[in-house]
Structure formats: C-alpha cells, structure tokens
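So this block is coords.pdb, PDB, C-alpha atoms and all ligand atoms:
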ATOM      1  CA  MET R   1     101.656  89.203 103.202
ATOM      2  CA  GLY R   2     102.735  87.605 106.489
ATOM      3  CA  LEU R   3     106.361  87.102 107.467
ATOM      4  CA  SER R   4     107.644  83.724 108.613
ATOM      5  CA  VAL R   5     109.648  83.443 111.844
ATOM      6  CA  VAL R   6     112.391  80.926 112.515
ATOM      7  CA  CYS R   7     114.281  80.702 115.819
ATOM      8  CA  ARG R   8     117.157  78.239 116.058
ATOM      9  CA  ARG R   9     118.814  77.570 119.410
ATOM     10  CA  VAL R  10     118.168  81.126 120.518
ATOM     11  CA  VAL R  11     119.892  82.049 123.756
ATOM     12  CA  HIS R  12     119.535  85.366 125.548
ATOM     13  CA  ILE R  13     121.532  86.402 128.569
ATOM     14  CA  TYR R  14     121.048  89.657 130.480
ATOM     15  CA  ARG R  15     124.258  90.881 132.080
ATOM     16  CA  ILE R  16     123.600  92.907 135.207
ATOM     17  CA  GLU R  17     126.225  94.071 137.668
ATOM     18  CA  GLY R  18     128.635  91.296 136.866
ATOM     19  CA  SER R  19     126.127  88.448 137.025
ATOM     20  CA  ASP R  20     124.329  86.707 134.162
ATOM     21  CA  VAL R  21     120.605  85.975 133.940
ATOM     22  CA  VAL R  22     119.846  83.340 131.301
ATOM     23  CA  ALA R  23     116.394  84.358 130.041
ATOM     24  CA  LEU R  24     116.321  82.080 126.975
ATOM     25  CA  SER R  25     118.359  78.894 126.901
ATOM     26  CA  GLY R  26     117.842  77.466 123.409
ATOM     27  CA  VAL R  27     114.540  78.330 121.752
ATOM     28  CA  ASP R  28     113.649  76.414 118.598
ATOM     29  CA  LEU R  29     110.460  77.651 117.007
ATOM     30  CA  SER R  30     109.110  77.964 113.478
ATOM     31  CA  ILE R  31     106.070  80.079 112.639
ATOM     32  CA  SER R  32     104.710  80.061 109.121
ATOM     33  CA  SER R  33     103.680  83.138 107.194
ATOM     34  CA  GLY R  34     100.137  84.102 108.201
ATOM     35  CA  GLU R  35     100.002  81.913 111.298
ATOM     36  CA  MET R  36      98.598  83.031 114.679
ATOM     37  CA  VAL R  37     100.461  81.861 117.772
ATOM     38  CA  ALA R  38      99.962  82.427 121.487
ATOM     39  CA  LEU R  39     103.017  82.335 123.751
ATOM     40  CA  VAL R  40     102.067  81.195 127.237
ATOM     41  CA  GLY R  41     104.086  80.193 130.271
ATOM     42  CA  PRO R  42     104.845  81.049 133.874
ATOM     43  CA  SER R  43     106.108  84.445 134.932
ATOM     44  CA  GLY R  44     109.813  84.821 134.227
ATOM     45  CA  SER R  45     109.895  81.994 131.672
ATOM     46  CA  GLY R  46     111.172  84.274 128.899
ATOM     47  CA  LYS R  47     108.098  85.266 126.864
ATOM     48  CA  SER R  48     108.764  89.019 126.891
ATOM     49  CA  THR R  49     112.421  88.447 126.109
ATOM     50  CA  LEU R  50     111.467  86.372 123.063
ATOM     51  CA  ILE R  51     109.006  89.031 121.883
ATOM     52  CA  SER R  52     111.679  91.748 122.284
ATOM     53  CA  LEU R  53     114.089  89.691 120.174
ATOM     54  CA  LEU R  54     111.466  89.104 117.460
ATOM     55  CA  ALA R  55     110.767  92.836 117.512
ATOM     56  CA  GLY R  56     114.447  93.511 116.845
ATOM     57  CA  LEU R  57     114.682  95.545 120.046
ATOM     58  CA  MET R  58     117.584  93.372 121.218
ATOM     59  CA  ARG R  59     119.888  90.905 119.522
ATOM     60  CA  PRO R  60     120.182  87.304 120.745
ATOM     61  CA  SER R  61     123.314  86.368 122.712
ATOM     62  CA  ALA R  62     123.554  83.213 120.562
ATOM     63  CA  GLY R  63     121.518  81.337 117.977
ATOM     64  CA  ARG R  64     119.704  82.583 114.894
ATOM     65  CA  ILE R  65     116.467  84.468 114.365
ATOM     66  CA  SER R  66     115.177  84.858 110.868
ATOM     67  CA  ILE R  67     112.130  86.992 110.072
ATOM     68  CA  GLY R  68     110.745  86.866 106.570
ATOM     69  CA  GLY R  69     114.102  85.471 105.460
ATOM     70  CA  TYR R  70     116.137  88.279 107.124
ATOM     71  CA  ASP R  71     118.691  86.940 109.577
ATOM     72  CA  ILE R  72     118.248  89.681 112.148
ATOM     73  CA  GLY R  73     121.581  88.940 113.829
ATOM     74  CA  LYS R  74     123.340  89.872 110.591
ATOM     75  CA  LEU R  75     121.477  93.098 109.821
ATOM     76  CA  SER R  76     123.189  96.434 110.429
ATOM     77  CA  ASP R  77     121.581  98.760 112.994
ATOM     78  CA  ALA R  78     120.101 100.821 110.147
ATOM     79  CA  GLU R  79     118.620  97.773 108.414
ATOM     80  CA  LEU R  80     117.201  96.481 111.692
ATOM     81  CA  ASN R  81     115.723  99.902 112.359
ATOM     82  CA  ARG R  82     114.026  99.907 108.959
ATOM     83  CA  LEU R  83     112.612  96.418 109.507
ATOM     84  CA  ARG R  84     111.249  97.501 112.907
ATOM     85  CA  GLY R  85     109.636 100.600 111.531
ATOM     86  CA  THR R  86     107.970  99.013 108.547
ATOM     87  CA  GLU R  87     107.686  95.230 108.605
ATOM     88  CA  ILE R  88     107.192  94.484 112.302
ATOM     89  CA  GLY R  89     104.318  95.913 114.337
ATOM     90  CA  VAL R  90     104.616  95.878 118.114
ATOM     91  CA  VAL R  91     101.821  96.420 120.605
ATOM     92  CA  LEU R  92     103.301  96.848 124.075
ATOM     93  CA  GLN R  93     101.586  95.699 127.245
ATOM     94  CA  GLY R  94      99.221  98.438 128.489
ATOM     95  CA  ALA R  95      97.209  99.990 125.653
ATOM     96  CA  SER R  96      98.040 103.572 126.646
ATOM     97  CA  ARG R  97     101.758 103.037 126.087
ATOM     98  CA  ASN R  98     101.007 102.657 122.362
ATOM     99  CA  LEU R  99      98.848 105.751 122.009
ATOM    100  CA  LEU R 100      99.481 109.482 122.114
ATOM    101  CA  PRO R 101      96.898 110.660 124.652
ATOM    102  CA  TYR R 102      96.239 114.115 123.170
ATOM    103  CA  ALA R 103      95.849 112.924 119.570
ATOM    104  CA  SER R 104      92.732 111.523 117.890
ATOM    105  CA  LEU R 105      92.776 107.911 116.696
ATOM    106  CA  HIS R 106      93.089 109.177 113.119
ATOM    107  CA  ARG R 107      96.199 111.120 114.056
ATOM    108  CA  ASN R 108      97.648 108.252 116.096
ATOM    109  CA  ILE R 109      97.308 105.989 113.063
ATOM    110  CA  TRP R 110      98.629 108.600 110.657
ATOM    111  CA  LEU R 111     101.734 109.192 112.803
ATOM    112  CA  ALA R 112     102.412 105.452 112.854
ATOM    113  CA  GLN R 113     102.080 105.342 109.060
ATOM    114  CA  ARG R 114     104.244 108.352 108.267
ATOM    115  CA  ARG R 115     107.602 106.643 108.596
ATOM    116  CA  ALA R 116     106.554 103.533 106.668
ATOM    117  CA  ALA R 117     105.128 105.637 103.848
ATOM    118  CA  ALA R 118     108.405 107.543 103.543
ATOM    119  CA  THR R 119     110.583 104.430 103.768
ATOM    120  CA  ARG R 120     108.645 102.093 101.541
ATOM    121  CA  GLY R 121     106.907 104.582  99.331
ATOM    122  CA  ILE R 122     103.819 102.418  99.153
ATOM    123  CA  GLU R 123     100.216 103.279  99.638
ATOM    124  CA  LEU R 124      98.939 102.470 103.115
ATOM    125  CA  ALA R 125      95.386 101.713 104.203
ATOM    126  CA  GLU R 126      93.117 104.623 105.089
ATOM    127  CA  PRO R 127      92.866 105.133 108.886
ATOM    128  CA  ASP R 128      89.096 104.520 108.722
ATOM    129  CA  GLU R 129      89.683 101.193 106.990
ATOM    130  CA  ILE R 130      92.054 100.190 109.799
ATOM    131  CA  LEU R 131      89.542 101.243 112.451
ATOM    132  CA  ASP R 132      86.830  99.194 110.705
ATOM    133  CA  LEU R 133      89.089  96.160 110.798
ATOM    134  CA  VAL R 134      89.540  96.325 114.600
ATOM    135  CA  GLY R 135      85.860  97.092 115.250
ATOM    136  CA  LEU R 136      86.225 100.831 115.960
ATOM    137  CA  SER R 137      84.261 102.213 113.013
ATOM    138  CA  GLY R 138      83.356 105.879 113.354
ATOM    139  CA  LEU R 139      85.727 106.553 116.286
ATOM    140  CA  GLY R 140      88.480 108.271 114.271
ATOM    141  CA  ARG R 141      87.985 111.613 115.977
ATOM    142  CA  ALA R 142      87.915 110.177 119.496
ATOM    143  CA  ARG R 143      90.922 110.532 121.783
ATOM    144  CA  PRO R 144      92.192 107.563 123.797
ATOM    145  CA  HIS R 145      90.795 108.777 127.143
ATOM    146  CA  GLU R 146      87.282 108.848 125.645
ATOM    147  CA  LEU R 147      87.388 105.112 124.914
ATOM    148  CA  THR R 148      86.591 102.086 127.086
ATOM    149  CA  MET R 149      89.525  99.875 128.099
ATOM    150  CA  GLY R 150      88.585  97.329 125.431
ATOM    151  CA  GLN R 151      88.316  99.990 122.731
ATOM    152  CA  ARG R 152      91.651 101.459 123.802
ATOM    153  CA  GLN R 153      93.309  98.069 123.436
ATOM    154  CA  ARG R 154      91.884  97.733 119.924
ATOM    155  CA  ALA R 155      93.049 101.297 119.167
ATOM    156  CA  ALA R 156      96.547 100.136 120.197
ATOM    157  CA  LEU R 157      96.161  97.257 117.733
ATOM    158  CA  ALA R 158      95.104  99.722 115.025
ATOM    159  CA  VAL R 159      98.326 101.680 115.604
ATOM    160  CA  GLY R 160     100.319  98.425 115.594
ATOM    161  CA  ILE R 161      98.997  97.461 112.151
ATOM    162  CA  ALA R 162      98.917 101.011 110.739
ATOM    163  CA  ALA R 163     102.104 100.598 108.729
ATOM    164  CA  GLY R 164     100.936  97.262 107.295
ATOM    165  CA  PRO R 165     103.459  94.999 109.053
ATOM    166  CA  GLY R 166     103.894  91.391 108.000
ATOM    167  CA  LEU R 167     104.546  90.402 111.622
ATOM    168  CA  LEU R 168     102.490  91.707 114.538
ATOM    169  CA  LEU R 169     103.756  91.139 118.087
ATOM    170  CA  VAL R 170     101.299  91.768 120.885
ATOM    171  CA  ASP R 171     102.123  91.634 124.608
ATOM    172  CA  GLU R 172      99.265  90.735 126.998
ATOM    173  CA  PRO R 173      96.429  92.469 125.097
ATOM    174  CA  THR R 174      93.627  91.177 127.319
ATOM    175  CA  SER R 175      95.110  91.226 130.822
ATOM    176  CA  GLN R 176      92.985  94.169 132.021
ATOM    177  CA  LEU R 177      89.779  93.293 130.181
ATOM    178  CA  ASP R 178      86.572  91.478 131.050
ATOM    179  CA  THR R 179      85.456  88.556 128.874
ATOM    180  CA  VAL R 180      83.507  90.811 126.475
ATOM    181  CA  GLY R 181      86.550  93.059 125.970
ATOM    182  CA  ARG R 182      88.774  90.008 125.591
ATOM    183  CA  ASP R 183      86.501  88.489 122.947
ATOM    184  CA  GLU R 184      86.485  91.768 120.993
ATOM    185  CA  VAL R 185      90.289  91.923 121.034
ATOM    186  CA  VAL R 186      90.560  88.296 119.874
ATOM    187  CA  ALA R 187      87.997  89.014 117.138
ATOM    188  CA  ALA R 188      90.068  92.037 116.042
ATOM    189  CA  LEU R 189      93.259  89.956 115.901
ATOM    190  CA  ARG R 190      91.500  87.302 113.848
ATOM    191  CA  ALA R 191      90.051  89.936 111.516
ATOM    192  CA  VAL R 192      93.502  91.430 110.909
ATOM    193  CA  ASN R 193      94.918  87.978 110.228
ATOM    194  CA  ALA R 194      92.083  87.078 107.858
ATOM    195  CA  ALA R 195      92.177  90.357 105.928
ATOM    196  CA  ARG R 196      95.935  90.753 105.605
ATOM    197  CA  ASP R 197      97.433  87.340 106.266
ATOM    198  CA  THR R 198      99.534  89.017 108.972
ATOM    199  CA  THR R 199     101.603  86.649 111.114
ATOM    200  CA  ILE R 200     100.559  87.327 114.705
ATOM    201  CA  VAL R 201     102.358  86.371 117.924
ATOM    202  CA  VAL R 202     100.571  87.144 121.182
ATOM    203  CA  VAL R 203     101.939  86.804 124.717
ATOM    204  CA  THR R 204      99.075  85.913 127.023
ATOM    205  CA  HIS R 205      98.281  84.459 130.429
ATOM    206  CA  ASP R 206      94.741  83.658 129.298
ATOM    207  CA  PRO R 207      94.444  80.054 128.037
ATOM    208  CA  GLU R 208      91.205  80.946 126.263
ATOM    209  CA  VAL R 209      93.030  83.502 124.095
ATOM    210  CA  GLY R 210      95.552  80.818 123.187
ATOM    211  CA  THR R 211      92.871  78.299 122.280
ATOM    212  CA  ARG R 212      91.084  80.781 120.040
ATOM    213  CA  LEU R 213      94.246  81.713 118.192
ATOM    214  CA  GLY R 214      94.728  78.015 117.344
ATOM    215  CA  ARG R 215      98.383  77.381 118.207
ATOM    216  CA  VAL R 216      99.689  77.645 121.765
ATOM    217  CA  VAL R 217     103.427  77.514 122.425
ATOM    218  CA  THR R 218     104.420  77.094 126.061
ATOM    219  CA  ILE R 219     107.670  78.755 127.104
ATOM    220  CA  ARG R 220     109.186  77.094 130.143
ATOM    221  CA  ASP R 221     112.575  77.904 131.712
ATOM    222  CA  GLY R 222     113.694  79.816 128.652
ATOM    223  CA  ARG R 223     112.812  77.252 126.017
ATOM    224  CA  VAL R 224     109.843  75.830 124.182
ATOM    225  CA  GLY R 225     108.124  73.377 126.480
ATOM    226  CA  ALA R 226     105.442  71.702 124.352
ATOM    227  CA  GLU R 227     102.633  72.951 122.146
ATOM    228  CA  GLY R 228      98.891  72.783 121.739
ATOM    229  CA  ARG R 229      97.298  72.857 118.301
ATOM    230  CA  ASP R 230      93.571  72.816 117.685
ATOM    231  CA  GLY R 231      92.921  71.386 121.142
ATOM    232  CA  GLN R 232      95.556  68.616 120.926
ATOM    233  CA  ASP R 233      98.739  68.530 123.047
ATOM    234  CA  PHE R 234     102.132  67.854 121.483
ATOM    235  CA  ALA R 235     105.574  67.120 122.899
ATOM    236  CA  VAL R 236     108.403  69.043 121.214
ATOM    237  CA  VAL R 237     111.927  67.904 120.365
ATOM    238  CA  ALA R 238     114.388  70.664 121.318
ATOM    239  CA  GLY R 239     117.549  71.484 119.387
ATOM    240  CA  ASP R 240     119.655  69.566 121.915
ATOM    241  CA  GLY R 241     117.602  66.393 121.415
ATOM    242  CA  THR R 242     115.589  66.611 124.640
ATOM    243  CA  VAL R 243     111.826  66.088 124.408
ATOM    244  CA  GLN R 244     109.608  68.662 126.142
ATOM    245  CA  LEU R 245     106.306  67.259 127.405
ATOM    246  CA  PRO R 246     103.124  69.325 127.865
ATOM    247  CA  PRO R 247     103.165  70.971 131.346
ATOM    248  CA  GLU R 248     100.098  69.183 132.739
ATOM    249  CA  ILE R 249     101.584  65.803 131.762
ATOM    250  CA  LEU R 250     105.077  66.712 132.910
ATOM    251  CA  GLY R 251     103.716  67.469 136.392
ATOM    252  CA  GLU R 252     102.744  63.818 136.807
ATOM    253  CA  PHE R 253     106.218  62.425 136.122
ATOM    254  CA  PRO R 254     109.237  63.317 138.296
ATOM    255  CA  PRO R 255     112.657  63.859 136.667
ATOM    256  CA  GLY R 256     114.265  60.529 135.881
ATOM    257  CA  THR R 257     110.996  58.821 134.940
ATOM    258  CA  LEU R 258     111.545  56.288 132.172
ATOM    259  CA  PHE R 259     109.261  56.012 129.170
ATOM    260  CA  LEU R 260     109.304  52.959 126.943
ATOM    261  CA  VAL R 261     109.791  54.058 123.330
ATOM    262  CA  ASP R 262     107.568  52.016 121.050
ATOM    263  CA  GLN R 263     107.985  52.423 117.300
ATOM    264  CA  ASP R 264     105.403  50.983 114.922
ATOM    265  CA  GLU R 265     106.246  49.621 111.485
ATOM    266  CA  ASP R 266     104.682  52.688 109.890
ATOM    267  CA  GLY R 267     107.239  54.857 111.732
ATOM    268  CA  SER R 268     104.891  56.315 114.353
ATOM    269  CA  VAL R 269     106.351  56.485 117.857
ATOM    270  CA  ARG R 270     104.599  56.191 121.224
ATOM    271  CA  LEU R 271     106.054  56.956 124.643
ATOM    272  CA  LEU R 272     104.648  54.493 127.179
ATOM    273  CA  SER R 273     104.826  55.201 130.893
ATOM    274  CA  LYS R 274     105.026  52.257 133.268
ATOM    275  CA  ARG R 275     103.193  52.785 136.510
ATOM    276  CA  ASP R 276     103.781  50.488 139.479
TER
HETATM  277  N1  LIG Z 301     116.118  93.763 131.550
HETATM  278  C1  LIG Z 301     116.394  92.670 132.270
HETATM  279  N2  LIG Z 301     117.535  92.594 132.996
HETATM  280  C2  LIG Z 301     117.828  91.482 133.702
HETATM  281  N3  LIG Z 301     117.063  90.378 133.772
HETATM  282  C3  LIG Z 301     115.917  90.400 133.069
HETATM  283  C4  LIG Z 301     115.519  91.533 132.288
HETATM  284  N4  LIG Z 301     114.319  91.259 131.703
HETATM  285  C5  LIG Z 301     113.992  90.013 132.102
HETATM  286  N5  LIG Z 301     114.941  89.502 132.907
HETATM  287  C6  LIG Z 301     114.956  88.148 133.505
HETATM  288  O1  LIG Z 301     114.874  87.209 132.425
HETATM  289  C7  LIG Z 301     114.009  86.137 132.758
HETATM  290  C8  LIG Z 301     112.878  86.075 131.744
HETATM  291  O2  LIG Z 301     112.072  87.260 131.894
HETATM  292  P1  LIG Z 301     110.869  87.638 130.909
HETATM  293  O3  LIG Z 301     110.394  88.998 131.317
HETATM  294  O4  LIG Z 301     111.308  87.454 129.506
HETATM  295  O5  LIG Z 301     109.797  86.535 131.292
HETATM  296  P2  LIG Z 301     108.216  86.530 131.030
HETATM  297  O6  LIG Z 301     107.884  85.113 130.734
HETATM  298  O7  LIG Z 301     107.868  87.542 130.008
HETATM  299  O8  LIG Z 301     107.627  86.953 132.449
HETATM  300  P3  LIG Z 301     106.245  87.745 132.758
HETATM  301  O9  LIG Z 301     105.140  86.814 132.372
HETATM  302  O10 LIG Z 301     106.326  87.948 134.249
HETATM  303  O11 LIG Z 301     106.277  89.021 131.980
HETATM  304  C9  LIG Z 301     113.555  86.378 134.203
HETATM  305  O12 LIG Z 301     114.442  85.678 135.059
HETATM  306  C10 LIG Z 301     113.737  87.872 134.380
HETATM  307  O13 LIG Z 301     113.993  88.193 135.738
END

Starting from the file, lay out its structure as structure tokens.
Amino acid sequence: MGLSVVCRRVVHIYRIEGSDVVALSGVDLSISSGEMVALVGPSGSGKSTLISLLAGLMRPSAGRISIGGYDIGKLSDAELNRLRGTEIGVVLQGASRNLLPYASLHRNIWLAQRRAAATRGIELAEPDEILDLVGLSGLGRARPHELTMGQRQRAALAVGIAAGPGLLLVDEPTSQLDTVGRDEVVAALRAVNAARDTTIVVVTHDPEVGTRLGRVVTIRDGRVGAEGRDGQDFAVVAGDGTVQLPPEILGEFPPGTLFLVDQDEDGSVRLLSKRD
C-alpha cells in the first residue's frame, strides 16, 4: 500500500558558518498514494534537499510534511527512525552506495529486511521475488562487482524495496546509464509500482525518465515551478498565491509581464499574453 505525501509551505535553510542558505523557500506539493513522480530542475534548485526531508533524514526549518498521515515534524526521533527503517525506502545516488560490496544480492536484500521484520513483525517478500520484480531473476548469488552498471542500479532498487516501503525515494537512478540501462531501470520502477502500489519519487535530470513516470514536478529556486502530466504542461499556484509557469514558457516572458486574466462563465480561466 503506497503512502501519500503532502508538503505545505516547506522551507529548508542550511546554516553554515554564520550564513544561511535557503534551499527550499515554500514547497507545496501533494502526491497521492501509489503515484509516480519525477522531480526535475536545475542544479542547486533544491531537489536533493526535498528528497532528504521526505526521507526523514532532516527536519524542515518551517512548514509541514506529512507522509502517510504522519506529520514528520511532530514525530520523536525514535518514531522518525522507525518510519525511515520500515515505511520509507531510499536509493541514494550511485548504486554502489546502497550495496555491500562483499555480500551477495540475497544477503544485501536480507540485511535490508532484517530490521523491518523485527520492527513490524510481518512477513516480507522472498529475496528471489524481489529480484524478479526488478528484472534480476537468478542473480541472487552474484556480488555487486559482478553486475553491469544497469544491473547494479536495479540491485540498489531491490535493496530499497526489500523492507516493503510504502514510499520509495530514488536519487538520479539513470545518470550513469546508457538508454538500454535507463529503460530497464524505468521498467523496474514501473513494475514495483504496479505490483505493490508503492508511491515513488525519483530525482532525475533525464526528461525521458520524467515523461515515462507520468508526472513531472519542476523544482525551481527552492519551490515548485510548474508541472507536466501525461505530456501536458500546467502552471501551479504556490502557497503564497503566486503562479508558477512552466520553465519553457516562463523563459519567453520577462519579470513584470502582464497577462490578461479571462474567466469564462463555466469558471475556467485563461491567461492571455499581449504581444506588441
Ligand atoms: N549540506 C548543505 N549545506 C549547505 N548548503 C547546502 C547543503 N546541501 C545543499 N545546499 C545548498 O542548498 C541549495 C539546494 O541544493 P540541493 O542539493 O538540494 O539542490 P539539487 O537541486 O539537488 O542540486 P543537484 O541537481 O546539483 O544535486 C543549493 O544552493 C546548495 O548549495
């Protein structure tokens, strides 16, 4: 069962040596249970910071993040720790960082399951079943260094879903892969989502990955700057009432551009630009 995610006016500030870096400046985002979302955006826009907050690795400086109904700002350290270990799967950038190099894939998966099994006391999927799901059937005895880059990335996914999380967070899973490897990783993500209804959030620089996941959320200057869904572009109203336009449209209109707001009788609204 997938976990829903709700971010309301999420702000995150890093404090380093007396100065503040505002990484997120008011993120409003809702992700339904079982949805797949790609987070895209320029370098430094705040994608990794948002993923770290959703993973419960840091707490927001302000605003509210709710995961599966848990307000993570209000959880104790122990409760947050339990949520991280059992309900939220994280696949860090760089497949090898998620895998123990000297252990077989079976053992890597088993180690990831051990804590969840003890905490939740539920039956977890067999490691072979998990490997089947990510397209690595029959490779349980292999060690990470014996795999191709694409297989290693899917092995990292297998470890990320080993404990049966309701939310899977994946950072740049295809950045070092060719198109075949990328397609296999996307297929694995879709298979996990289809089989388990897992909510999946992927940070990616590859627009194709975003398109195939269905929903693309652009992060720009620390906030949500528009969305794409099923090939259509949408503007987004932020929590402070500003409207964020899709990046390729925004580039055509300098700050201060006026749009005529045209509301039809049926309530639909169009923004009309006036060109000289
Ligand atoms: N640990 C940190 N300490 C201080 N500043 C940080 C830290 N991590 C990130 N930042 C700053 O926060 C802002 C957002 O960074 P973040 O890594 O979240 O962006 P990103 O969109 O993931 O970038 P990239 O695509 O390059 O990974 C940037 O200005 C960055 O320099």

Item to complete: Kindly work out which residues sit at most 7 Å from ligand LIG 301 (chain Z), using all atoms listed in the file, and give the list as a PyMOL selection string.
Response: chain R and resi 14-16+21-23+41-50

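Considering only C-alpha atoms, the residue among R:Ser96, R:Ser76, R:Gln113, R:Thr86 positioned nearest to Met149 (chain R) is R:Ser96.
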
Practice prompt. Apply the PyMOL selection byres (((chain R and resi 83) around 12) and not hetatm) to the file shown and report the selected residues as a PyMOL selection string.
Written response: chain R and resi 3+54-57+66-72+75-82+84-90+115-116+119-120+163-167

Residues of region 167-224 of chain R that approach region 244-257 of chain R to 10 Å or less, counting only C-alpha atoms: could you list each one with the shortest pair of atoms and its distance in Å to one decimal, rows by chain and increasing residue number, as a tab-separated table?
residue	atom	partner	partner_atom	distance
R:Val217	CA	R:Pro246	CA	9.8
R:Thr218	CA	R:Pro246	CA	8.1
R:Ile219	CA	R:Pro247	CA	9.9
R:Arg220	CA	R:Pro247	CA	8.7
R:Arg223	CA	R:Gln244	CA	9.2
R:Val224	CA	R:Gln244	CA	7.4

Residues from last step as file, C-alpha atoms, as a PDB file, in the coordinates of the input:
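Resulting contents of result26.pdb:
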ATOM      1  CA  VAL R 217     103.427  77.514 122.425  1.00  0.00           C
ATOM      2  CA  THR R 218     104.420  77.094 126.061  1.00  0.00           C
ATOM      3  CA  ILE R 219     107.670  78.755 127.104  1.00  0.00           C
ATOM      4  CA  ARG R 220     109.186  77.094 130.143  1.00  0.00           C
ATOM      5  CA  ARG R 223     112.812  77.252 126.017  1.00  0.00           C
ATOM      6  CA  VAL R 224     109.843  75.830 124.182  1.00  0.00           C
TER       7      VAL R 224
END

Discussion item. Report as number ranges by chain all protein, DNA and RNA residues lying within 9 Å of Ser30 (chain R), evaluated on all atoms listed in the file, omitting residues in the same chain fewer than 2 positions from it.
Written reply: R: 4-8, 28, 32
